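Source file: data_27.cif. Holds: mmCIF, C-alpha atoms and all ligand atoms.
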data_data
loop_
_atom_site.label_atom_id
_atom_site.label_comp_id
_atom_site.auth_asym_id
_atom_site.auth_seq_id
_atom_site.Cartn_x
_atom_site.Cartn_y
_atom_site.Cartn_z
CA MET A 1324 0.00 0.00 0.00
CA LYS A 1325 3.08 2.18 0.36
CA ASN A 1326 2.95 3.74 -3.05
CA GLN A 1327 -0.76 3.75 -3.44
CA LYS A 1328 -2.52 7.05 -3.70
CA ARG A 1329 -5.08 7.84 -1.02
CA ARG A 1330 -7.99 7.16 -3.35
CA ASP A 1331 -6.72 3.65 -3.96
CA PHE A 1332 -6.08 3.11 -0.29
CA LEU A 1333 -9.57 4.29 0.59
CA LYS A 1334 -11.10 2.05 -2.02
CA THR A 1335 -9.15 -0.88 -0.67
CA ALA A 1336 -10.04 -0.06 2.93
CA GLY A 1337 -13.70 0.24 1.97
CA LEU A 1338 -13.71 -3.11 0.27
CA LEU A 1339 -11.88 -4.86 2.99
CA THR A 1340 -13.77 -2.99 5.64
CA ALA A 1341 -11.68 -2.47 8.73
CA ALA A 1342 -10.13 -0.69 12.40
CA SER A 1343 -7.18 2.14 15.56
CA CYS A 1344 -4.37 5.00 19.31
CA LEU A 1345 -0.42 6.17 19.82
CA PRO A 1346 -0.31 3.41 21.03
CA LEU A 1347 0.25 1.05 18.53
CA ASN A 1348 -0.56 -2.48 19.45
CA LEU A 1349 0.85 -5.49 17.82
CA VAL A 1350 -1.32 -8.51 18.25
CA GLU A 1351 0.12 -11.95 18.02
CA LEU A 1352 -2.14 -14.91 17.83
CA ALA A 1353 -0.38 -18.02 19.02
CA PHE A 1354 -1.79 -21.45 18.35
CA ALA A 1355 -0.64 -24.99 18.91
CA ASP A 1356 0.05 -25.15 15.20
CA ASP A 1357 2.81 -22.58 14.69
CA SER A 1358 1.94 -22.07 11.08
CA LYS A 1359 -1.30 -20.44 12.19
CA ASN A 1360 0.40 -17.79 14.33
CA PHE A 1361 0.02 -14.23 13.22
CA THR A 1362 0.24 -10.68 14.49
CA PHE A 1363 -1.63 -7.49 13.89
CA ALA A 1364 -1.04 -3.90 14.95
CA TYR A 1365 -3.50 -1.51 16.56
CA ILE A 1366 -3.40 2.28 16.41
CA SER A 1367 -6.14 4.48 17.90
CA ASP A 1368 -7.48 7.91 18.84
CA ALA A 1369 -5.41 10.22 16.65
CA HIS A 1370 -7.84 13.17 16.98
CA ILE A 1371 -6.48 14.94 13.89
CA GLN A 1372 -7.58 18.55 14.38
CA GLN A 1373 -7.87 21.29 11.79
CA ILE A 1374 -6.82 24.77 12.88
CA LYS A 1375 -7.57 26.54 9.58
CA GLY A 1376 -7.17 25.56 5.93
CA ASN A 1377 -4.33 23.11 5.67
CA LYS A 1378 -3.06 23.83 9.20
CA PHE A 1379 -3.57 21.04 11.69
CA VAL A 1380 -2.55 20.58 15.34
CA ARG A 1381 1.02 19.40 14.98
CA ASN A 1382 1.26 17.17 18.06
CA TRP A 1383 -1.70 15.05 17.03
CA ASP A 1384 -0.34 14.74 13.48
CA ARG A 1385 3.01 13.65 14.87
CA GLY A 1386 1.50 11.06 17.21
CA LEU A 1387 -0.24 9.33 14.32
CA SER A 1388 2.65 9.69 11.86
CA ARG A 1389 5.01 8.17 14.40
CA ALA A 1390 2.71 5.20 15.00
CA VAL A 1391 2.42 4.65 11.23
CA ALA A 1392 6.20 4.81 10.79
CA GLU A 1393 6.82 2.39 13.67
CA THR A 1394 4.20 0.01 12.35
CA ASN A 1395 5.86 -0.03 8.96
CA LEU A 1396 9.16 -0.96 10.63
CA LEU A 1397 7.77 -3.92 12.56
CA ASN A 1398 9.50 -7.21 12.09
CA PRO A 1399 7.91 -9.65 11.69
CA LYS A 1400 5.33 -7.77 9.69
CA PRO A 1401 1.81 -7.73 11.12
CA ASP A 1402 -0.90 -9.28 8.95
CA PHE A 1403 -3.01 -6.14 9.17
CA VAL A 1404 -3.58 -2.93 11.10
CA VAL A 1405 -6.65 -1.79 13.00
CA PHE A 1406 -7.40 1.88 13.57
CA GLY A 1407 -9.65 2.12 16.66
CA GLY A 1408 -11.59 5.34 16.02
CA ASP A 1409 -11.45 9.09 16.70
CA LEU A 1410 -9.35 9.69 13.62
CA ALA A 1411 -10.77 13.25 13.53
CA GLN A 1412 -11.35 15.70 16.37
CA LEU A 1413 -14.56 17.37 15.13
CA GLY A 1414 -15.61 15.06 12.29
CA LYS A 1415 -14.65 17.51 9.51
CA LYS A 1416 -13.95 16.30 5.99
CA ALA A 1417 -10.56 18.07 6.13
CA GLU A 1418 -9.67 16.19 9.32
CA LEU A 1419 -10.80 12.80 8.03
CA ASP A 1420 -9.02 13.39 4.71
CA HIS A 1421 -5.79 14.44 6.45
CA GLY A 1422 -5.96 11.48 8.85
CA ALA A 1423 -6.66 9.10 5.96
CA ASP A 1424 -3.67 10.53 4.09
CA ILE A 1425 -1.41 9.73 7.07
CA LEU A 1426 -2.89 6.23 7.40
CA ALA A 1427 -2.46 5.68 3.66
CA LYS A 1428 1.29 5.47 4.31
CA LEU A 1429 0.74 2.18 6.11
CA ASP A 1430 2.17 -0.79 4.26
CA TYR A 1431 -0.69 -3.00 5.44
CA LYS A 1432 -4.31 -3.75 4.95
CA THR A 1433 -6.14 -1.49 7.42
CA TYR A 1434 -9.45 -1.96 9.24
CA GLN A 1435 -11.34 1.02 10.62
CA VAL A 1436 -13.49 1.48 13.74
CA MET A 1437 -15.90 4.43 14.09
CA GLY A 1438 -15.28 6.92 16.94
CA GLU A 1439 -17.71 9.54 18.23
CA HIS A 1440 -15.38 12.32 17.03
CA ASP A 1441 -15.66 10.90 13.51
CA TYR A 1442 -19.43 10.53 13.64
CA TYR A 1443 -21.44 13.32 15.21
CA LEU A 1444 -20.93 16.09 12.63
CA ASP A 1445 -22.57 14.35 9.65
CA LEU A 1446 -23.59 11.08 11.37
CA GLY A 1447 -20.81 9.10 9.75
CA GLU A 1448 -21.65 9.99 6.16
CA TYR A 1449 -18.22 11.13 4.99
CA TRP A 1450 -16.40 8.55 7.07
CA SER A 1451 -18.43 5.80 5.35
CA GLU A 1452 -17.73 7.31 1.97
CA ILE A 1453 -14.00 6.93 2.48
CA PHE A 1454 -13.77 3.87 4.77
CA GLY A 1455 -16.89 1.80 4.07
CA LYS A 1456 -19.07 -0.10 6.50
CA GLN A 1457 -19.49 1.01 10.11
CA TYR A 1458 -19.88 -2.52 11.45
CA TYR A 1459 -18.79 -5.81 9.93
CA SER A 1460 -16.94 -9.03 10.63
CA PHE A 1461 -14.14 -11.01 9.03
CA ASN A 1462 -12.26 -14.22 9.63
CA HIS A 1463 -8.51 -14.43 9.74
CA LYS A 1464 -6.52 -17.60 10.33
CA GLY A 1465 -9.06 -19.24 12.61
CA VAL A 1466 -10.14 -16.14 14.52
CA HIS A 1467 -13.50 -14.40 14.07
CA PHE A 1468 -13.10 -10.61 14.21
CA ILE A 1469 -16.06 -8.29 14.74
CA VAL A 1470 -16.03 -4.52 14.37
CA LEU A 1471 -18.89 -2.62 16.05
CA ASN A 1472 -20.00 0.98 15.88
CA SER A 1473 -20.55 1.38 19.63
CA ILE A 1474 -20.88 5.16 19.78
CA LEU A 1475 -24.51 5.55 18.67
CA THR A 1476 -27.07 7.08 21.02
CA PHE A 1477 -30.78 7.90 21.40
CA ASP A 1478 -32.59 9.24 18.30
CA GLU A 1479 -34.00 12.19 20.24
CA TRP A 1480 -30.49 13.34 21.18
CA THR A 1481 -29.10 12.70 17.71
CA PHE A 1482 -31.84 14.15 15.53
CA ASN A 1483 -33.94 16.58 17.54
CA ARG A 1484 -32.02 18.21 20.32
CA TRP A 1485 -29.47 20.44 18.62
CA GLY A 1486 -29.87 23.39 16.28
CA THR A 1487 -26.83 22.61 14.15
CA ALA A 1488 -24.63 19.63 13.31
CA GLU A 1489 -21.62 21.55 14.67
CA GLN A 1490 -23.31 22.02 18.03
CA ARG A 1491 -24.18 18.31 18.19
CA MET A 1492 -20.56 17.43 17.43
CA ASN A 1493 -19.22 19.87 20.05
CA GLU A 1494 -21.59 18.59 22.73
CA MET A 1495 -20.45 15.00 22.19
CA ALA A 1496 -16.78 15.93 21.92
CA GLY A 1497 -16.43 17.10 25.55
CA LEU A 1498 -15.11 14.55 28.04
CA ASP A 1499 -17.21 15.59 31.04
CA ASN A 1500 -19.99 17.52 29.31
CA PRO A 1501 -23.34 16.71 30.98
CA ASN A 1502 -25.08 17.55 27.65
CA GLY A 1503 -23.57 14.42 26.06
CA SER A 1504 -25.51 11.18 25.82
CA PRO A 1505 -24.58 7.57 26.69
CA PHE A 1506 -23.12 5.51 23.86
CA MET A 1507 -24.79 2.34 22.65
CA VAL A 1508 -24.53 -0.33 19.97
CA GLY A 1509 -28.30 -0.27 19.40
CA GLU A 1510 -30.98 -2.79 18.53
CA LYS A 1511 -30.30 -2.95 14.77
CA GLN A 1512 -26.63 -3.75 15.20
CA ARG A 1513 -27.30 -6.24 18.00
CA GLN A 1514 -29.65 -8.10 15.67
CA TRP A 1515 -26.91 -8.14 13.04
CA LEU A 1516 -24.40 -9.38 15.62
CA LYS A 1517 -26.71 -12.18 16.73
CA LYS A 1518 -27.05 -13.35 13.13
CA ASP A 1519 -23.34 -12.98 12.47
CA LEU A 1520 -22.46 -15.13 15.49
CA GLU A 1521 -24.89 -17.91 14.52
CA LYS A 1522 -22.42 -19.21 11.96
CA VAL A 1523 -19.42 -19.15 14.31
CA SER A 1524 -18.34 -22.24 16.25
CA LYS A 1525 -18.33 -21.77 20.03
CA LYS A 1526 -14.71 -22.91 20.05
CA THR A 1527 -13.56 -20.22 17.63
CA PRO A 1528 -11.73 -17.35 19.35
CA VAL A 1529 -13.81 -14.18 18.96
CA VAL A 1530 -12.17 -10.75 19.05
CA VAL A 1531 -14.38 -7.65 19.07
CA PHE A 1532 -13.12 -4.17 18.18
CA SER A 1533 -15.23 -1.32 19.48
CA HIS A 1534 -14.52 2.32 20.20
CA SER A 1535 -16.29 2.58 23.57
CA PRO A 1536 -15.70 -0.17 26.16
CA ILE A 1537 -18.80 -2.50 25.85
CA GLN A 1538 -18.73 -2.41 29.66
CA LYS A 1539 -19.82 0.24 32.13
CA ILE A 1540 -16.89 2.10 33.66
CA TYR A 1541 -17.88 5.73 34.23
CA LYS A 1542 -21.00 7.28 32.79
CA GLY A 1543 -19.96 10.86 33.61
CA TRP A 1544 -17.20 10.65 30.99
CA ASN A 1545 -18.95 8.24 28.66
CA PHE A 1546 -16.46 5.48 29.45
CA TRP A 1547 -19.63 3.54 29.01
CA THR A 1548 -21.83 1.59 26.60
CA ASP A 1549 -25.46 1.67 27.64
CA ASP A 1550 -26.44 -1.70 26.16
CA ALA A 1551 -23.17 -3.37 27.19
CA GLU A 1552 -24.91 -6.24 29.02
CA GLU A 1553 -27.04 -7.08 25.98
CA VAL A 1554 -23.95 -7.26 23.75
CA GLN A 1555 -22.11 -9.31 26.39
CA ARG A 1556 -25.05 -11.75 26.48
CA LEU A 1557 -24.64 -12.42 22.75
CA LEU A 1558 -20.93 -13.14 23.28
CA LYS A 1559 -21.47 -15.35 26.33
CA PRO A 1560 -21.75 -18.75 24.58
CA PHE A 1561 -18.21 -18.52 23.15
CA ASP A 1562 -15.19 -20.01 24.91
CA ASP A 1563 -12.72 -17.21 24.26
CA VAL A 1564 -13.89 -13.65 23.75
CA THR A 1565 -11.81 -10.48 23.87
CA VAL A 1566 -12.99 -6.91 23.44
CA VAL A 1567 -10.27 -4.44 22.44
CA TYR A 1568 -11.35 -0.80 22.66
CA GLY A 1569 -10.02 2.74 22.34
CA HIS A 1570 -11.75 5.95 23.48
CA VAL A 1571 -10.49 5.92 27.11
CA HIS A 1572 -6.87 6.83 26.16
CA GLN A 1573 -5.45 4.79 29.04
CA ILE A 1574 -4.63 1.28 30.17
CA GLN A 1575 -7.65 -0.60 31.44
CA TYR A 1576 -8.34 -4.29 31.72
CA ASN A 1577 -11.13 -6.31 33.10
CA GLN A 1578 -12.81 -9.71 33.01
CA ILE A 1579 -16.57 -10.18 32.94
CA GLY A 1580 -17.55 -13.84 32.71
CA ASN A 1581 -15.94 -15.27 29.58
CA ILE A 1582 -15.03 -11.84 28.15
CA SER A 1583 -11.63 -10.20 28.59
CA PHE A 1584 -11.48 -6.43 28.09
CA ASN A 1585 -8.35 -4.57 27.07
CA ALA A 1586 -8.07 -0.84 26.31
CA VAL A 1587 -5.43 0.68 24.06
CA MET A 1588 -3.77 4.04 24.42
CA ALA A 1589 -4.19 7.06 22.12
CA THR A 1590 -1.68 8.54 19.71
CA ALA A 1591 -2.96 12.01 20.65
CA TRP A 1592 -2.99 12.36 24.47
CA PRO A 1593 -3.80 10.38 27.64
CA TRP A 1594 -7.03 11.00 29.55
CA PRO A 1595 -6.77 11.17 33.33
CA TYR A 1596 -8.37 8.44 35.41
CA PRO A 1597 -12.02 9.02 36.30
CA LYS A 1598 -12.66 10.03 39.89
CA SER A 1599 -15.06 7.11 39.96
CA TYR A 1600 -12.06 4.81 40.28
CA SER A 1601 -11.74 6.00 43.86
CA GLN A 1602 -15.18 7.40 44.57
CA ASN A 1603 -17.56 4.77 43.30
CA LYS A 1604 -16.37 1.23 43.64
CA ALA A 1605 -19.32 0.00 41.60
CA TYR A 1606 -17.81 1.46 38.45
CA VAL A 1607 -14.29 0.22 38.97
CA PRO A 1608 -13.57 -2.82 36.85
CA LYS A 1609 -11.83 -5.44 38.91
CA LEU A 1610 -8.07 -5.30 38.44
CA THR A 1611 -8.00 -2.01 36.62
CA VAL A 1612 -4.95 -0.25 38.01
CA PRO A 1613 -4.13 3.32 37.01
CA MET A 1614 -0.69 4.00 35.62
CA ASN A 1615 1.82 5.54 37.96
CA ARG A 1616 2.38 8.87 36.27
CA ALA A 1617 3.14 12.26 37.73
CA ASN A 1618 1.63 14.48 35.09
CA PRO A 1619 -1.27 13.13 33.05
CA PHE A 1620 -1.00 16.07 30.65
CA HIS A 1621 2.64 15.72 29.76
CA GLU A 1622 2.74 15.80 25.97
CA ARG A 1623 3.89 12.22 25.50
CA ASP A 1624 2.95 10.77 28.87
CA ALA A 1625 1.03 7.52 28.53
CA THR A 1626 1.47 7.32 24.80
CA GLY A 1627 3.57 4.65 23.18
CA TRP A 1628 2.96 1.42 21.39
CA GLN A 1629 1.93 -2.06 22.39
CA LEU A 1630 2.51 -5.65 21.43
CA ILE A 1631 -0.46 -7.93 21.77
CA ASP A 1632 -0.31 -11.72 21.88
CA ILE A 1633 -3.41 -13.78 21.73
CA ASN A 1634 -2.64 -17.14 23.25
CA SER A 1635 -5.33 -19.72 22.75
CA GLY A 1636 -7.69 -16.92 21.89
CA ARG A 1637 -6.82 -14.71 24.89
CA VAL A 1638 -5.18 -11.31 24.52
CA ASP A 1639 -1.94 -10.34 26.29
CA LEU A 1640 -0.95 -6.70 25.83
CA ARG A 1641 2.60 -5.44 26.14
CA TYR A 1642 2.46 -1.67 26.45
CA SER A 1643 5.61 0.12 25.39
CA LEU A 1644 5.23 3.56 26.95
CA THR A 1645 7.24 6.58 25.86
CA ASN A 1646 7.54 8.30 29.24
CA ASN A 1647 6.48 5.57 31.64
CA SER A 1648 7.71 2.16 32.63
CA ASN A 1649 6.59 -0.52 30.23
CA ARG A 1650 3.58 -2.55 31.28
CA THR A 1651 2.25 -6.00 30.49
CA VAL A 1652 -1.35 -6.93 30.94
CA ALA A 1653 -1.52 -10.68 30.43
CA TYR A 1654 -4.31 -13.19 30.65
CA ASN A 1655 -3.68 -15.53 33.55
CA PRO A 1656 -5.28 -18.93 32.85
CA LEU A 1657 -5.04 -19.86 36.54
CA THR A 1658 -7.20 -16.97 37.71
CA GLY A 1659 -9.10 -16.62 34.44
CA GLN A 1660 -8.57 -12.90 34.06
CA PRO A 1661 -6.15 -10.32 32.68
CA GLU A 1662 -3.52 -9.24 35.20
CA ASP A 1663 -0.71 -6.71 35.43
CA LYS A 1664 1.36 -8.65 37.94
CA ASP A 1665 4.48 -6.46 38.22
CA PHE A 1666 2.56 -3.26 38.54
CA GLN A 1667 0.07 -4.69 40.99
CA GLU A 1668 2.91 -6.08 43.11
CA LYS A 1669 4.58 -2.67 43.22
CA THR A 1670 1.41 -0.77 44.01
CA LYS A 1671 -0.49 -3.15 46.25
CA GLN A 1672 0.19 -1.10 49.40
CA VAL A 1673 -1.02 2.09 47.76
CA PRO A 1674 -4.68 2.80 46.95
CA PRO A 1675 -5.14 3.52 43.22
CA GLN A 1676 -6.43 7.04 43.78
CA GLU A 1677 -2.98 8.10 44.97
CA HIS A 1678 -1.59 7.41 41.50
CA TYR A 1679 -3.36 10.17 39.64
FE FE B 1 -10.47 9.53 21.66
FE FE B 2 -13.79 8.54 21.63
#
Show me this structure written as structure tokens.
Amino acid sequence: MKNQKRRDFLKTAGLLTAASCLPLNLVELAFADDSKNFTFAYISDAHIQQIKGNKFVRNWDRGLSRAVAETNLLNPKPDFVVFGGDLAQLGKKAELDHGADILAKLDYKTYQVMGEHDYYLDLGEYWSEIFGKQYYSFNHKGVHFIVLNSILTFDEWTFNRWGTAEQRMNEMAGLDNPNGSPFMVGEKQRQWLKKDLEKVSKKTPVVVFSHSPIQKIYKGWNFWTDDAEEVQRLLKPFDDVTVVYGHVHQIQYNQIGNISFNAVMATAWPWPYPKSYSQNKAYVPKLTVPMNRANPFHERDATGWQLIDINSGRVDLRYSLTNNSNRTVAYNPLTGQPEDKDFQEKTKQVPPQEHY
């Protein structure tokens, strides 16, 4: 894809359908039969932002460009790349075009996930024009991959509440804006998912890419998917299910029943940890441990890239952090959940809220 023009890339991406954070994640799928092993990379939350004309916020451009360059240098080469959503900051054509131009430099087949920053200006119209379907599935070397558009919300909020498309976009773009609305996958897509899963063997590893978490972490910041339980119910019959998500711009991991959850970092900036982690235990996913970082708004704090292994259908993430100690969140078959052993050992005497 290196020498392809953007138009060709977009056409290809549309046909293949597809997924994204600086963090770049490399996913390795390891099976008993070595010949089946493969890797893929994951980049997310670039938030490409137009200032005026062809001027864009340089730091966000650089975060994404760096991830693309590092991905191209990976050895062994990943089979494909996923972009996890929030390519644009305010959903503008100029932002999506500029972001797509940077992604077009990837040497790999690329799958796209829809983020709320890509969607709420024109309700995904231009994004779909350049990238294709908003939800879809594909099989790759024995694994069933599903991409969901998880950032939809109530019709009343989407269609009736706001005077202009720009206002709607701005209201949804704020992290802690009470005028926002909870994300959801929605009935139509859940019906599609149910049908899609009917043809998948219960023994097949299932990996879901979504932008929001498909679990309920903190509603005040929309680290939340309102119909998460209904989606989880559809995934329940399968032996090995992993949901990889962007949007939260931080390391999170969790286990709910048979489903492992792993967040990826952003290429743009890290979000701080919600106060709910310390204030409301009900919203704290078990074993989610904040990163030990002094300044959450340091330019490159909590950005970096990650290697992901999927062993027997379970995801292990190796976070390579630019300004923090590296972290590994690995699935522990003995406890049946993802764990960050080193970090938890180091921090077990200290309550998480002291690590903001
Ligand atoms: Fe984001
Ligand atoms: Fe987002």
Notebook entry, point to check: In Å, with one decimal, what is the gap from atom CA of Leu1419 of chain A to atom CA of Arg1381 of chain A?
Noted result: 15.2 Å
List every residue of chain A that has an atom at most 12 Å from any atom of ligand FE 1 (chain B), and for each one report the closest atom pair and its distance in Å to one decimal, counting only C-alpha atoms and all ligand atoms, with rows sorted by chain and then by increasing residue number, as JSON lines.
{"residue": "A:Ser1343", "atom": "CA", "partner": "B:FE1", "partner_atom": "FE", "distance": 10.1}
{"residue": "A:Cys1344", "atom": "CA", "partner": "B:FE1", "partner_atom": "FE", "distance": 8.0}
{"residue": "A:Leu1345", "atom": "CA", "partner": "B:FE1", "partner_atom": "FE", "distance": 10.8}
{"residue": "A:Pro1346", "atom": "CA", "partner": "B:FE1", "partner_atom": "FE", "distance": 11.9}
{"residue": "A:Ile1366", "atom": "CA", "partner": "B:FE1", "partner_atom": "FE", "distance": 11.4}
{"residue": "A:Ser1367", "atom": "CA", "partner": "B:FE1", "partner_atom": "FE", "distance": 7.6}
{"residue": "A:Asp1368", "atom": "CA", "partner": "B:FE1", "partner_atom": "FE", "distance": 4.4}
{"residue": "A:Ala1369", "atom": "CA", "partner": "B:FE1", "partner_atom": "FE", "distance": 7.2}
{"residue": "A:His1370", "atom": "CA", "partner": "B:FE1", "partner_atom": "FE", "distance": 6.5}
{"residue": "A:Ile1371", "atom": "CA", "partner": "B:FE1", "partner_atom": "FE", "distance": 10.3}
{"residue": "A:Gln1372", "atom": "CA", "partner": "B:FE1", "partner_atom": "FE", "distance": 11.9}
{"residue": "A:Trp1383", "atom": "CA", "partner": "B:FE1", "partner_atom": "FE", "distance": 11.3}
{"residue": "A:Phe1406", "atom": "CA", "partner": "B:FE1", "partner_atom": "FE", "distance": 11.5}
{"residue": "A:Gly1407", "atom": "CA", "partner": "B:FE1", "partner_atom": "FE", "distance": 9.0}
{"residue": "A:Gly1408", "atom": "CA", "partner": "B:FE1", "partner_atom": "FE", "distance": 7.1}
{"residue": "A:Asp1409", "atom": "CA", "partner": "B:FE1", "partner_atom": "FE", "distance": 5.1}
{"residue": "A:Leu1410", "atom": "CA", "partner": "B:FE1", "partner_atom": "FE", "distance": 8.1}
{"residue": "A:Ala1411", "atom": "CA", "partner": "B:FE1", "partner_atom": "FE", "distance": 8.9}
{"residue": "A:Gln1412", "atom": "CA", "partner": "B:FE1", "partner_atom": "FE", "distance": 8.2}
{"residue": "A:Leu1413", "atom": "CA", "partner": "B:FE1", "partner_atom": "FE", "distance": 11.0}
{"residue": "A:Val1436", "atom": "CA", "partner": "B:FE1", "partner_atom": "FE", "distance": 11.7}
{"residue": "A:Met1437", "atom": "CA", "partner": "B:FE1", "partner_atom": "FE", "distance": 10.6}
{"residue": "A:Gly1438", "atom": "CA", "partner": "B:FE1", "partner_atom": "FE", "distance": 7.2}
{"residue": "A:Glu1439", "atom": "CA", "partner": "B:FE1", "partner_atom": "FE", "distance": 8.0}
{"residue": "A:His1440", "atom": "CA", "partner": "B:FE1", "partner_atom": "FE", "distance": 7.3}
{"residue": "A:Asp1441", "atom": "CA", "partner": "B:FE1", "partner_atom": "FE", "distance": 9.8}
{"residue": "A:Ile1474", "atom": "CA", "partner": "B:FE1", "partner_atom": "FE", "distance": 11.4}
{"residue": "A:Met1495", "atom": "CA", "partner": "B:FE1", "partner_atom": "FE", "distance": 11.4}
{"residue": "A:Ala1496", "atom": "CA", "partner": "B:FE1", "partner_atom": "FE", "distance": 9.0}
{"residue": "A:Gly1497", "atom": "CA", "partner": "B:FE1", "partner_atom": "FE", "distance": 10.4}
{"residue": "A:Leu1498", "atom": "CA", "partner": "B:FE1", "partner_atom": "FE", "distance": 9.4}
{"residue": "A:His1534", "atom": "CA", "partner": "B:FE1", "partner_atom": "FE", "distance": 8.4}
{"residue": "A:Ser1535", "atom": "CA", "partner": "B:FE1", "partner_atom": "FE", "distance": 9.3}
{"residue": "A:Pro1536", "atom": "CA", "partner": "B:FE1", "partner_atom": "FE", "distance": 11.9}
{"residue": "A:Trp1544", "atom": "CA", "partner": "B:FE1", "partner_atom": "FE", "distance": 11.6}
{"residue": "A:Asn1545", "atom": "CA", "partner": "B:FE1", "partner_atom": "FE", "distance": 11.1}
{"residue": "A:Phe1546", "atom": "CA", "partner": "B:FE1", "partner_atom": "FE", "distance": 10.6}
{"residue": "A:Tyr1568", "atom": "CA", "partner": "B:FE1", "partner_atom": "FE", "distance": 10.4}
{"residue": "A:Gly1569", "atom": "CA", "partner": "B:FE1", "partner_atom": "FE", "distance": 6.8}
{"residue": "A:His1570", "atom": "CA", "partner": "B:FE1", "partner_atom": "FE", "distance": 4.2}
{"residue": "A:Val1571", "atom": "CA", "partner": "B:FE1", "partner_atom": "FE", "distance": 6.5}
{"residue": "A:His1572", "atom": "CA", "partner": "B:FE1", "partner_atom": "FE", "distance": 6.4}
{"residue": "A:Gln1573", "atom": "CA", "partner": "B:FE1", "partner_atom": "FE", "distance": 10.1}
{"residue": "A:Ala1586", "atom": "CA", "partner": "B:FE1", "partner_atom": "FE", "distance": 11.6}
{"residue": "A:Val1587", "atom": "CA", "partner": "B:FE1", "partner_atom": "FE", "distance": 10.5}
{"residue": "A:Met1588", "atom": "CA", "partner": "B:FE1", "partner_atom": "FE", "distance": 9.1}
{"residue": "A:Ala1589", "atom": "CA", "partner": "B:FE1", "partner_atom": "FE", "distance": 6.8}
{"residue": "A:Thr1590", "atom": "CA", "partner": "B:FE1", "partner_atom": "FE", "distance": 9.1}
{"residue": "A:Ala1591", "atom": "CA", "partner": "B:FE1", "partner_atom": "FE", "distance": 8.0}
{"residue": "A:Trp1592", "atom": "CA", "partner": "B:FE1", "partner_atom": "FE", "distance": 8.5}
{"residue": "A:Pro1593", "atom": "CA", "partner": "B:FE1", "partner_atom": "FE", "distance": 9.0}
{"residue": "A:Trp1594", "atom": "CA", "partner": "B:FE1", "partner_atom": "FE", "distance": 8.7}
Notebook entry, point to check: How many Å separate atom CA of Met1507 of chain A from atom CA of Asp1550 of chain A?
Noted result: 5.6 Å
Note to self: At a cut-off of 12 Å, using all atoms listed in the file, what residues contact Gly1509 of chain A? Leave out same-chain residues fewer than 5 positions from it and give the result as a ChimeraX atom specification.
What the structure shows: /A:1458,1471-1478,1514-1516,1537,1548-1554
Notebook entry, point to check: What does the distance between atom CA of Ala1392 of chain A and atom CA of Val1404 of chain A come to in Å, to one decimal place?
Noted result: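 Going from atom CA of Ala1392 of chain A over to atom CA of Val1404 of chain A, I get 12.5 Å.
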Next item on the list: Point out the residue among A:Ser1533, A:Gln1575, A:Gln1555, A:Thr1565 with the least atom-to-atom distance to ligand FE 2 (chain B), counting only C-alpha atoms and all ligand atoms.
Entry: A:Ser1533
Notebook entry, point to check: Looking at A:Ser1460, A:Gly1455, A:Gly1414, A:Ala1427, which one is nearest to Tyr1442 of chain A, with distances taken over all atoms listed in the file?
Noted result: A:Gly1414
Item checked: Shell around Ala1488 of chain A at 9 Å using all atoms listed in the file, local window under 4 positions removed, as a VMD selection string -> chain A and resid 1443 to 1446 1492 to 1493
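Each of A:Thr1626, A:Ser1524, A:Asn1500, A:Thr1481 was compared to Ala1390 of chain A using all atoms listed in the file, and A:Thr1626 turns out to be the nearest.
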Check: A:Phe1461, A:Glu1452, A:Val1529, A:Trp1547: which is nearest ligand FE 2 (chain B), counting all atoms listed in the file?
Finding: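 Selected residue with least distance to ligand FE 2 (chain B): A:Trp1547.
Counting only C-alpha atoms and all ligand atoms, the residue from A:Pro1560, A:Leu1657, A:Arg1389, A:Pro1505 that sits nearest to ligand FE 2 (chain B) is A:Pro1505.
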Margin query: Considering all atoms listed in the file, can you say which of A:Ile1540, A:Phe1666, A:Lys1432, A:Phe1506 comes closest to ligand FE 2 (chain B)?
Written below: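 When distances to ligand FE 2 (chain B) are compared using all atoms listed in the file, the smallest one comes from A:Phe1506.
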